[in-house]
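Enquirer: Sending over upload00.txt (compact mmCIF, C-alpha atoms).
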# COMPACT_ATOMS: atom_id res chain seq x y z
CA MET A 1 0.00 -56.85 41.70
CA LYS A 2 -3.50 -56.22 40.37
CA ARG A 3 -4.00 -53.47 42.94
CA LYS A 4 -0.80 -51.74 41.86
CA LEU A 5 -1.86 -51.91 38.23
CA MET A 6 -5.27 -50.45 39.08
CA VAL A 7 -3.66 -47.60 41.03
CA SER A 8 -1.22 -46.96 38.21
CA SER A 9 -4.02 -46.95 35.64
CA SER A 10 -6.02 -44.51 37.75
CA VAL A 11 -3.04 -42.18 38.05
CA VAL A 12 -2.44 -42.27 34.31
CA ALA A 13 -6.13 -41.66 33.60
CA GLY A 14 -6.14 -38.74 36.05
CA ILE A 15 -3.09 -37.20 34.42
CA ALA A 16 -4.60 -37.61 30.95
CA TYR A 17 -7.90 -36.09 32.10
CA THR A 18 -6.13 -33.11 33.68
CA TYR A 19 -3.94 -32.58 30.61
CA ASN A 20 -6.95 -32.64 28.31
CA TYR A 21 -8.75 -30.16 30.55
CA PHE A 22 -6.01 -27.54 30.47
CA ALA A 23 -5.06 -28.18 26.84
CA ASN A 24 -8.49 -28.35 25.22
CA ALA A 25 -11.20 -27.24 27.68
CA ALA A 26 -9.81 -24.32 29.68
CA VAL A 27 -9.06 -22.04 26.74
CA GLU A 28 -10.00 -18.56 25.59
CA PRO A 29 -13.21 -18.29 23.56
CA GLU A 30 -12.91 -17.53 19.85
CA ILE A 31 -14.11 -14.03 19.02
CA THR A 32 -15.20 -13.22 15.47
CA MET A 33 -16.19 -9.66 14.55
CA LEU A 34 -15.36 -6.75 12.31
CA ASP A 35 -12.64 -4.68 13.90
CA THR A 36 -14.65 -1.48 14.38
CA PRO A 37 -14.00 1.00 17.22
CA HIS A 38 -17.40 0.18 18.72
CA ASN A 39 -16.81 -3.57 18.72
CA VAL A 40 -13.33 -3.13 20.20
CA ASP A 41 -14.80 -0.92 22.90
CA ILE A 42 -17.48 -3.49 23.71
CA THR A 43 -15.00 -6.34 24.04
CA GLN A 44 -12.69 -4.25 26.23
CA HIS A 45 -15.60 -3.70 28.60
CA CYS A 46 -16.50 -7.40 28.52
CA PRO A 47 -13.24 -9.01 29.72
CA THR A 48 -14.82 -12.40 30.46
CA ILE A 49 -15.10 -13.27 26.76
CA LEU A 50 -11.41 -12.42 26.24
CA GLU A 51 -10.11 -14.53 29.11
CA LYS A 52 -9.83 -18.27 29.51
CA TYR A 53 -13.09 -19.92 30.41
CA TYR A 54 -12.51 -22.59 33.06
CA PRO A 55 -15.47 -24.99 32.93
CA THR A 56 -16.14 -27.04 36.04
CA PHE A 57 -13.21 -29.47 36.24
CA TRP A 58 -15.15 -32.57 37.17
CA CYS A 59 -17.99 -32.12 34.67
CA TYR A 60 -16.73 -30.36 31.55
CA ASN A 61 -18.16 -33.06 29.30
CA ASN A 62 -20.77 -31.44 27.06
CA HIS A 63 -23.58 -33.82 28.04
CA VAL A 64 -22.92 -33.49 31.76
CA SER A 65 -22.67 -29.71 31.48
CA SER A 66 -25.92 -29.49 29.53
CA PHE A 67 -27.71 -31.77 31.99
CA LEU A 68 -26.47 -30.16 35.21
CA GLY A 69 -27.10 -26.71 33.77
CA GLN A 70 -30.82 -27.44 34.08
CA PHE A 71 -30.56 -28.24 37.79
CA ARG A 72 -28.94 -25.16 39.22
CA LYS A 73 -30.46 -23.15 42.03
CA GLY A 74 -34.14 -22.39 41.47
CA LEU A 75 -36.00 -19.11 41.63
CA SER A 76 -36.01 -17.45 45.06
CA ILE A 77 -36.85 -13.87 44.05
CA GLU A 78 -40.31 -12.36 44.15
CA TYR A 79 -41.74 -10.95 40.95
CA ASN A 80 -44.85 -9.17 39.73
CA ARG A 81 -46.84 -10.95 37.03
CA GLN A 82 -48.75 -9.11 34.34
CA THR A 83 -51.22 -10.74 31.98
CA PHE A 84 -50.43 -9.16 28.65
CA GLU A 85 -53.34 -9.24 26.22
CA TYR A 86 -52.83 -9.44 22.45
CA PRO A 87 -55.20 -7.90 19.85
CA ASP A 88 -56.35 -11.35 18.72
CA GLY A 89 -57.60 -12.21 22.22
CA GLY A 90 -54.60 -14.29 23.28
CA CYS A 91 -52.37 -13.56 26.26
CA SER A 92 -48.95 -14.14 27.79
CA TYR A 93 -47.57 -13.74 31.28
CA LEU A 94 -44.86 -11.10 31.71
CA ASP A 95 -42.89 -11.43 34.94
CA TYR A 96 -41.23 -8.26 36.28
CA PHE A 97 -38.17 -8.35 38.53
CA GLY A 98 -36.59 -5.42 40.36
CA PHE A 99 -38.98 -2.69 39.32
CA ASP A 100 -39.65 -1.67 42.92
CA ASN A 101 -36.01 -1.38 43.92
CA THR A 102 -34.15 0.38 41.11
CA GLY A 103 -34.19 3.78 39.45
CA ASN A 104 -36.31 4.49 36.42
CA ASN A 105 -33.30 4.63 34.11
CA SER A 106 -31.69 1.27 34.87
CA SER A 107 -31.53 -1.17 31.98
CA ILE A 108 -34.42 -3.54 31.34
CA CYS A 109 -33.46 -7.04 30.21
CA LEU A 110 -36.26 -8.69 28.25
CA ILE A 111 -35.61 -12.44 28.48
CA ILE A 112 -36.99 -15.16 26.17
CA PRO A 113 -36.81 -18.80 27.43
CA GLY A 114 -35.96 -21.93 25.50
CA ILE A 115 -38.52 -24.21 23.86
CA ASN A 116 -40.03 -25.67 27.05
CA GLY A 117 -38.91 -22.96 29.45
CA ASP A 118 -40.66 -20.34 31.56
CA THR A 119 -39.99 -18.20 34.61
CA ASP A 120 -40.58 -20.88 37.22
CA ALA A 121 -39.34 -23.95 35.37
CA SER A 122 -35.98 -22.72 34.05
CA SER A 123 -33.09 -22.50 36.50
CA TYR A 124 -30.91 -20.78 33.89
CA ILE A 125 -33.39 -17.88 33.91
CA ALA A 126 -33.51 -17.76 37.72
CA ASN A 127 -29.73 -17.56 38.02
CA LEU A 128 -29.33 -14.98 35.27
CA VAL A 129 -32.08 -12.78 36.72
CA GLU A 130 -30.48 -12.93 40.15
CA HIS A 131 -27.11 -11.92 38.70
CA LEU A 132 -28.54 -9.05 36.67
CA LEU A 133 -30.52 -7.73 39.64
CA SER A 134 -27.39 -7.78 41.80
CA GLU A 135 -25.79 -5.38 39.31
CA GLY A 136 -28.67 -2.92 39.39
CA ASN A 137 -30.61 -3.99 36.31
CA ARG A 138 -34.27 -4.86 35.93
CA CYS A 139 -35.65 -7.93 34.16
CA VAL A 140 -38.84 -8.97 32.41
CA VAL A 141 -39.34 -12.61 31.46
CA PHE A 142 -41.52 -13.04 28.39
CA ASN A 143 -43.41 -16.31 28.80
CA TYR A 144 -44.91 -17.80 25.65
CA ARG A 145 -48.65 -18.19 25.16
CA GLY A 146 -49.87 -21.19 27.09
CA LYS A 147 -46.74 -21.36 29.26
CA ALA A 148 -46.11 -20.63 32.94
CA GLY A 149 -49.71 -21.62 33.64
CA ALA A 150 -51.24 -19.07 31.28
CA PRO A 151 -54.43 -20.15 29.51
CA LEU A 152 -54.27 -20.54 25.75
CA LYS A 153 -57.18 -18.40 24.53
CA THR A 154 -56.53 -18.68 20.80
CA LYS A 155 -55.21 -21.45 18.58
CA ILE A 156 -51.95 -19.54 18.13
CA SER A 157 -49.31 -20.66 20.62
CA TYR A 158 -45.61 -20.13 19.85
CA CYS A 159 -42.85 -21.34 17.58
CA ALA A 160 -39.37 -20.41 16.35
CA ALA A 161 -40.74 -18.46 13.38
CA TYR A 162 -43.36 -16.45 15.28
CA THR A 163 -42.02 -13.05 16.38
CA ASP A 164 -45.21 -10.96 16.57
CA ASP A 165 -45.81 -11.50 20.29
CA TYR A 166 -42.27 -10.51 21.24
CA ARG A 167 -42.57 -7.48 18.95
CA LYS A 168 -45.69 -6.29 20.76
CA VAL A 169 -44.14 -6.88 24.17
CA CYS A 170 -41.04 -4.86 23.22
CA LEU A 171 -43.23 -1.96 22.13
CA HIS A 172 -45.34 -2.19 25.29
CA ILE A 173 -42.36 -2.09 27.66
CA ASN A 174 -40.76 0.72 25.68
CA GLU A 175 -43.97 2.75 25.98
CA CYS A 176 -44.07 2.16 29.72
CA TYR A 177 -40.38 2.94 30.31
CA PRO A 178 -39.26 5.16 27.42
CA GLU A 179 -36.18 6.48 29.24
CA SER A 180 -34.71 3.04 29.93
CA LYS A 181 -32.48 1.03 27.64
CA MET A 182 -33.84 -2.39 26.73
CA ILE A 183 -31.61 -5.40 26.08
CA GLY A 184 -33.09 -8.55 24.54
CA ILE A 185 -31.74 -11.86 25.87
CA GLY A 186 -32.68 -15.20 24.34
CA PHE A 187 -31.87 -18.81 25.20
CA SER A 188 -31.92 -21.58 22.57
CA LEU A 189 -35.23 -21.34 20.67
CA GLY A 190 -35.80 -17.98 22.35
CA SER A 191 -32.53 -16.67 20.93
CA ASN A 192 -33.64 -17.69 17.44
CA ILE A 193 -36.85 -15.69 17.94
CA LEU A 194 -34.86 -12.72 19.25
CA LEU A 195 -32.44 -12.52 16.31
CA LYS A 196 -35.16 -13.16 13.73
CA TYR A 197 -37.18 -10.32 15.26
CA MET A 198 -34.17 -7.97 15.32
CA GLY A 199 -33.44 -8.75 11.67
CA GLU A 200 -37.04 -8.12 10.70
CA GLU A 201 -37.15 -4.80 12.55
CA GLY A 202 -33.70 -3.47 11.68
CA SER A 203 -33.30 0.02 13.15
CA ASN A 204 -36.98 0.17 14.14
CA THR A 205 -36.60 -2.06 17.18
CA PRO A 206 -36.72 -0.34 20.57
CA LEU A 207 -34.02 -2.73 21.77
CA SER A 208 -30.60 -1.16 22.31
CA ALA A 209 -28.84 -4.52 21.92
CA GLY A 210 -29.37 -8.28 22.04
CA ILE A 211 -27.67 -11.36 23.48
CA SER A 212 -28.15 -14.80 21.94
CA ILE A 213 -27.22 -17.92 23.96
CA SER A 214 -26.99 -21.46 22.51
CA ASN A 215 -28.82 -20.45 19.34
CA PRO A 216 -29.58 -23.20 16.79
CA PHE A 217 -29.43 -20.60 13.93
CA ASP A 218 -30.36 -23.12 11.22
CA LEU A 219 -33.37 -25.17 12.33
CA SER A 220 -33.03 -27.74 9.55
CA LYS A 221 -29.43 -28.58 10.44
CA SER A 222 -30.16 -28.58 14.15
CA SER A 223 -33.15 -30.89 13.67
CA ILE A 224 -30.87 -33.41 11.99
CA LYS A 225 -28.33 -33.22 14.79
CA LEU A 226 -31.05 -33.39 17.44
CA ALA A 227 -32.41 -36.56 15.80
CA SER A 228 -28.99 -38.16 16.34
CA GLN A 229 -29.09 -37.29 20.05
CA LYS A 230 -31.98 -39.51 21.13
CA LEU A 231 -32.05 -38.55 24.80
CA TYR A 232 -32.21 -34.80 24.10
CA ASP A 233 -34.81 -35.33 21.40
CA LYS A 234 -36.92 -37.44 23.75
CA VAL A 235 -36.75 -34.90 26.59
CA LEU A 236 -37.64 -31.93 24.37
CA THR A 237 -40.43 -33.84 22.63
CA ARG A 238 -41.91 -35.01 25.91
CA GLY A 239 -41.95 -31.43 27.19
CA ALA A 240 -43.68 -30.22 24.03
CA ILE A 241 -46.28 -33.00 24.24
CA GLU A 242 -47.02 -32.28 27.90
CA ASN A 243 -47.57 -28.62 27.11
CA PHE A 244 -49.86 -29.55 24.22
CA ARG A 245 -51.81 -31.89 26.48
CA ARG A 246 -52.47 -28.99 28.86
CA ILE A 247 -53.58 -26.54 26.17
CA SER A 248 -55.32 -29.06 23.88
CA PRO A 249 -58.95 -28.12 24.76
CA ILE A 250 -58.65 -25.03 22.54
CA TYR A 251 -58.16 -27.37 19.57
CA GLU A 252 -61.35 -29.31 20.15
CA GLU A 253 -62.39 -29.36 16.48
CA GLU A 254 -59.02 -30.59 15.26
CA TYR A 255 -58.35 -32.83 18.23
CA ASP A 256 -59.77 -36.02 16.73
CA ILE A 257 -57.76 -35.48 13.56
CA TYR A 258 -54.33 -34.66 14.94
CA SER A 259 -54.22 -35.63 18.61
CA THR A 260 -53.05 -39.20 18.14
CA LYS A 261 -50.12 -38.17 15.96
CA ILE A 262 -49.22 -35.27 18.24
CA LEU A 263 -49.41 -37.21 21.49
CA ASN A 264 -47.52 -40.17 19.99
CA SER A 265 -44.72 -38.07 18.48
CA ASN A 266 -41.38 -39.82 18.92
CA SER A 267 -39.29 -36.82 17.91
CA LEU A 268 -39.48 -33.06 17.82
CA VAL A 269 -39.63 -33.21 14.02
CA GLN A 270 -42.73 -35.41 14.25
CA PHE A 271 -44.29 -33.02 16.76
CA ASP A 272 -43.55 -30.01 14.54
CA GLU A 273 -44.99 -31.83 11.52
CA SER A 274 -48.17 -32.87 13.35
CA TYR A 275 -48.74 -29.67 15.31
CA THR A 276 -46.45 -26.64 14.95
CA ARG A 277 -46.31 -26.22 11.19
CA ARG A 278 -50.09 -26.78 10.85
CA ILE A 279 -51.02 -24.22 13.51
CA PHE A 280 -48.81 -21.57 11.88
CA GLY A 281 -49.79 -22.38 8.29
CA PHE A 282 -46.55 -23.78 6.89
CA THR A 283 -46.82 -26.24 4.01
CA SER A 284 -44.39 -28.71 5.58
CA VAL A 285 -42.03 -29.03 8.51
CA GLU A 286 -39.15 -28.26 6.11
CA HIS A 287 -40.92 -25.05 5.11
CA TYR A 288 -41.32 -24.13 8.78
CA TYR A 289 -37.66 -24.78 9.58
CA ASP A 290 -36.48 -22.79 6.58
CA GLN A 291 -38.72 -19.79 7.22
CA GLY A 292 -38.11 -19.85 10.96
CA SER A 293 -34.30 -19.97 10.93
CA CYS A 294 -32.77 -16.72 12.14
CA ILE A 295 -29.67 -17.40 10.01
CA HIS A 296 -31.53 -15.75 7.11
CA TYR A 297 -32.06 -12.51 9.05
CA LEU A 298 -28.64 -11.82 10.55
CA SER A 299 -27.53 -9.53 7.73
CA GLU A 300 -30.45 -7.19 8.48
CA ILE A 301 -29.69 -6.68 12.19
CA GLU A 302 -28.92 -3.02 12.89
CA ARG A 303 -28.38 -3.11 16.64
CA PRO A 304 -25.38 -4.61 18.46
CA VAL A 305 -25.76 -8.30 19.25
CA LEU A 306 -23.55 -10.75 21.10
CA LEU A 307 -23.89 -14.37 19.97
CA VAL A 308 -22.56 -16.96 22.44
CA ASN A 309 -22.38 -20.65 21.52
CA ALA A 310 -20.31 -23.57 22.73
CA ARG A 311 -18.40 -25.54 20.14
CA ASP A 312 -19.34 -28.76 21.96
CA ASP A 313 -23.08 -28.01 22.02
CA PRO A 314 -24.69 -31.46 21.64
CA ILE A 315 -27.74 -30.27 19.68
CA VAL A 316 -26.47 -27.31 17.62
CA CYS A 317 -24.53 -28.04 14.44
CA GLU A 318 -21.11 -26.44 14.56
CA ASP A 319 -21.27 -25.55 10.86
CA SER A 320 -24.48 -23.57 11.45
CA ILE A 321 -22.68 -21.10 13.73
CA PRO A 322 -22.63 -17.91 11.60
CA ILE A 323 -18.96 -17.00 11.31
CA ASP A 324 -19.49 -15.39 7.89
CA ALA A 325 -22.32 -13.21 9.22
CA ALA A 326 -20.05 -11.88 11.96
CA LEU A 327 -17.49 -10.91 9.32
CA GLU A 328 -20.10 -9.16 7.18
CA ASN A 329 -22.31 -7.32 9.70
CA GLU A 330 -20.51 -4.87 11.99
CA ASN A 331 -23.27 -5.21 14.59
CA ILE A 332 -22.45 -8.85 15.34
CA ILE A 333 -19.89 -10.11 17.84
CA LEU A 334 -19.64 -13.90 17.82
CA CYS A 335 -18.18 -15.67 20.86
CA ILE A 336 -17.53 -19.44 20.60
CA SER A 337 -16.37 -21.19 23.74
CA SER A 338 -14.64 -24.55 23.56
CA ARG A 339 -16.93 -26.02 26.21
CA GLY A 340 -20.29 -25.24 27.74
CA GLY A 341 -22.74 -27.68 26.17
CA HIS A 342 -26.26 -26.41 25.54
CA VAL A 343 -27.25 -23.62 27.95
CA GLY A 344 -24.74 -25.04 30.43
CA PHE A 345 -21.54 -22.97 30.69
CA LEU A 346 -20.82 -24.19 34.23
CA GLU A 347 -17.82 -23.00 36.23
CA GLY A 348 -16.44 -23.43 39.75
CA TRP A 349 -16.22 -26.59 41.84
CA PHE A 350 -19.87 -26.39 42.90
CA PRO A 351 -21.63 -25.07 39.77
CA PHE A 352 -25.17 -24.90 41.03
CA SER A 353 -25.72 -21.17 41.27
CA GLY A 354 -24.00 -18.64 39.01
CA CYS A 355 -22.14 -19.61 35.85
CA TRP A 356 -19.86 -18.20 33.16
CA ILE A 357 -22.66 -17.04 30.85
CA ASP A 358 -24.21 -14.98 33.66
CA ARG A 359 -20.99 -12.98 33.96
CA VAL A 360 -20.77 -12.54 30.18
CA VAL A 361 -24.33 -11.26 29.96
CA GLY A 362 -23.87 -8.98 32.97
CA GLU A 363 -20.81 -7.27 31.49
CA TYR A 364 -22.47 -6.78 28.11
CA VAL A 365 -25.65 -5.33 29.65
CA ASN A 366 -23.63 -3.02 31.90
CA TYR A 367 -21.71 -1.68 28.91
CA PHE A 368 -24.89 -0.38 27.32
CA GLN A 369 -26.16 0.98 30.62
CA GLU A 370 -22.94 2.80 31.51
CA GLY A 371 -21.12 3.84 28.36
CA SER A 372 -22.78 3.20 25.03
CA SER A 373 -24.72 5.84 23.19
CA VAL A 374 -26.69 3.27 21.20
Would you mind writing the file's structure down as structure tokens?
Expert:
Amino acid sequence: MKRKLMVSSSVVAGIAYTYNYFANAAVEPEITMLDTPHNVDITQHCPTILEKYYPTFWCYNNHVSSFLGQFRKGLSIEYNRQTFEYPDGGCSYLDYFGFDNTGNNSSICLIIPGINGDTDASSYIANLVEHLLSEGNRCVVFNYRGKAGAPLKTKISYCAAYTDDYRKVCLHINECYPESKMIGIGFSLGSNILLKYMGEEGSNTPLSAGISISNPFDLSKSSIKLASQKLYDKVLTRGAIENFRRISPIYEEEYDIYSTKILNSNSLVQFDESYTRRIFGFTSVEHYYDQGSCIHYLSEIERPVLLVNARDDPIVCEDSIPIDAALENENIILCISSRGGHVGFLEGWFPFSGCWIDRVVGEYVNYFQEGSSV
């Protein structure tokens, strides 16, 4: 009798799970934009955002999707690394993909990682680069100061509010390849930097377009939500501390004052209070979050941008997703998927290589390479 009840319960649970999947998970993304001819043309050439997104059936939970999204296939493509020097004496590593195998006029995708990401450590970058190369594009990964093994030569590292390094890299690549269209692509913290930069530059940016993925938009709101998700907060904070530990010799004078607080940070807010806001001269962590939030710069963006967020993102507040901005700025197309988690967007039964967001990005990049005059 007990066995029959267990079997019956399992069948009912399976039916309920399947129903919920097709009713609430496998649905078309919500698209918000001004109905201009250019936006309509873009969406018609990007069919993936208009069709149902089928997240991986057995792991469409937002936490599972976010977690497994970090463990997809790693980097297997060779690249050329350039040490890019800044006027203040600092440097970053720029990693070039596909520049030996494609024509001079193919699009260049300038990719910015998330808070603890870099070329070698981030599988989401590896998979996106592979997809973009397969479609004839070129890629450059912009690694932050002190990341990807680069030495930190000045006390300036990186943060959500700091766009100067990306600005200089954009200008450098444009000078080297003036005939090629450049598309900025940012993940998480990197997408905040991208949109803040594009808002600051307006029509002066050499970028033809931008793509934002899992953007926090409002750092204050996202910090509150992150604090409620202890595991995510712990993982991100640990990554930030480990990076600080590696670059800490440059801060020898301040080390005795701040090191204990920095190394013992229990949350990303504590880390930003003890380290980030001090290094970049903000009066408080609240001041840093306010000044660094790209939500304040969206109205000034003058190049087409595609913003992709999942409604079930575990660390981005749903009410910070800028629906109003998409209805006020004709350059913004906002795509909100029902599922996807944070930089997850898995699909297929074995979601450890390509994913839904790779296809979305590929179609958007190809539009500007093939048909747009922007």
Enquirer: With only C-alpha atoms as the atoms that count, which of A:Gly98, A:Gly354, A:Pro322, A:Gly340 lies nearest to Ser293 (chain A)?
Expert: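 Of all the options, A:Pro322 lies closest to Ser293 (chain A).
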Enquirer: Write out as a ChimeraX atom specification which residues come within 8 Å of Gly348 (chain A) when counting all atoms listed in the file, dropping same-chain ones fewer than 2 positions away.
Expert: /A:54-57,346,350-351,355
Enquirer: Asp290 (chain A): which residues within 8 Å, counting all atoms listed in the file, same-chain residues fewer than 3 positions away excluded, as a count of residues only?
Expert: 6
Enquirer: Show which residues sit within 8 Å of Ser66 (chain A), as a ChimeraX atom specification. Count only C-alpha atoms, and ignore same-chain residues fewer than 5 positions away.
Expert: /A:340-345
Enquirer: May I ask for the distance between CA of Ser106 (chain A) and CA of Asn192 (chain A), given in Å to one decimal place?
Expert: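 It comes out at 25.8 Å.
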Enquirer: Excluding Arg145 (chain A) and any residue of its chain fewer than 3 positions from it, enumerate the residues within 7 Å of it, using all atoms listed in the file, and give them as number ranges by chain.
Expert: A: 91-92, 150, 152, 157-158
Enquirer: Within 10 Å of Gln229 (chain A), counting all atoms listed in the file, which residues show up once you throw out same-chain ones fewer than 6 positions away? Write them as a ChimeraX atom specification, please.
Expert: /A:223,314-315
Enquirer: In Å, rounded to a single decimal, give me how far CA of Arg311 (chain A) is from CA of Ile336 (chain A).
Expert: 6.2 Å
Enquirer: Could you tell me how far CA of Leu189 (chain A) lies from CA of Asn215 (chain A), in Å and to one decimal?
Expert: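 Atom-to-atom, CA of Leu189 (chain A) to CA of Asn215 (chain A), that is 6.6 Å.
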Enquirer: I need the residue nearest Arg138 (chain A) from this list: A:Phe67, A:Tyr162, A:Tyr93, A:Tyr79. Use all atoms listed in the file for the distance.
Expert: A:Tyr79
Enquirer: Go through A:Thr276, A:Tyr124, A:Val360, A:Ala26 one by one, measure the shortest atom-to-atom distance of each to Lys73 (chain A) using all atoms listed in the file, and give the residue with the smallest value.
Expert: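 Closest to Lys73 (chain A), using all atoms listed in the file: A:Tyr124.
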Enquirer: Hey, could you patch up region 340-348 of chain A with all heavy atoms and hand it over as a short mmCIF file (atom, residue, chain, number, x, y, z; two decimals), in the frame of the given file?
Expert:
data_model
loop_
_atom_site.label_atom_id
_atom_site.label_comp_id
_atom_site.auth_asym_id
_atom_site.auth_seq_id
_atom_site.Cartn_x
_atom_site.Cartn_y
_atom_site.Cartn_z
N GLY A 340 -19.09 -25.92 27.23
CA GLY A 340 -20.29 -25.24 27.74
C GLY A 340 -21.56 -26.02 27.49
O GLY A 340 -22.58 -25.81 28.15
N GLY A 341 -21.53 -26.91 26.47
CA GLY A 341 -22.74 -27.68 26.17
C GLY A 341 -23.86 -26.78 25.67
O GLY A 341 -23.63 -25.74 25.06
N HIS A 342 -25.09 -27.19 25.95
CA HIS A 342 -26.26 -26.41 25.54
C HIS A 342 -26.87 -25.74 26.76
O HIS A 342 -27.39 -26.41 27.66
CB HIS A 342 -27.30 -27.32 24.87
CG HIS A 342 -28.41 -26.56 24.20
ND1 HIS A 342 -28.23 -25.88 23.01
CD2 HIS A 342 -29.70 -26.34 24.56
CE1 HIS A 342 -29.36 -25.30 22.65
NE2 HIS A 342 -30.27 -25.55 23.59
N VAL A 343 -26.76 -24.42 26.82
CA VAL A 343 -27.25 -23.62 27.95
C VAL A 343 -26.68 -24.17 29.26
O VAL A 343 -27.39 -24.27 30.27
CB VAL A 343 -28.80 -23.57 28.01
CG1 VAL A 343 -29.28 -22.47 28.94
CG2 VAL A 343 -29.39 -23.32 26.63
N GLY A 344 -25.41 -24.54 29.23
CA GLY A 344 -24.74 -25.04 30.43
C GLY A 344 -23.77 -23.99 30.97
O GLY A 344 -24.06 -23.26 31.89
N PHE A 345 -22.57 -23.95 30.38
CA PHE A 345 -21.54 -22.97 30.69
C PHE A 345 -21.24 -22.93 32.19
O PHE A 345 -21.13 -21.86 32.80
CB PHE A 345 -21.96 -21.58 30.20
CG PHE A 345 -22.19 -21.51 28.72
CD1 PHE A 345 -23.49 -21.47 28.22
CD2 PHE A 345 -21.13 -21.50 27.83
CE1 PHE A 345 -23.72 -21.41 26.84
CE2 PHE A 345 -21.34 -21.44 26.46
CZ PHE A 345 -22.64 -21.40 25.96
N LEU A 346 -21.09 -24.11 32.80
CA LEU A 346 -20.82 -24.19 34.23
C LEU A 346 -19.39 -23.77 34.54
O LEU A 346 -18.50 -23.87 33.70
CB LEU A 346 -21.05 -25.63 34.72
CG LEU A 346 -22.41 -26.25 34.42
CD1 LEU A 346 -22.46 -27.67 34.95
CD2 LEU A 346 -23.53 -25.41 35.01
N GLU A 347 -19.17 -23.31 35.77
CA GLU A 347 -17.82 -23.00 36.23
C GLU A 347 -17.80 -23.14 37.75
O GLU A 347 -18.84 -23.13 38.41
CB GLU A 347 -17.38 -21.60 35.81
CG GLU A 347 -18.17 -20.47 36.42
CD GLU A 347 -17.66 -19.09 36.01
OE1 GLU A 347 -16.62 -19.02 35.33
OE2 GLU A 347 -18.31 -18.09 36.35
N GLY A 348 -16.58 -23.26 38.30
CA GLY A 348 -16.44 -23.43 39.75
C GLY A 348 -16.60 -24.89 40.16
O GLY A 348 -17.14 -25.72 39.43
#
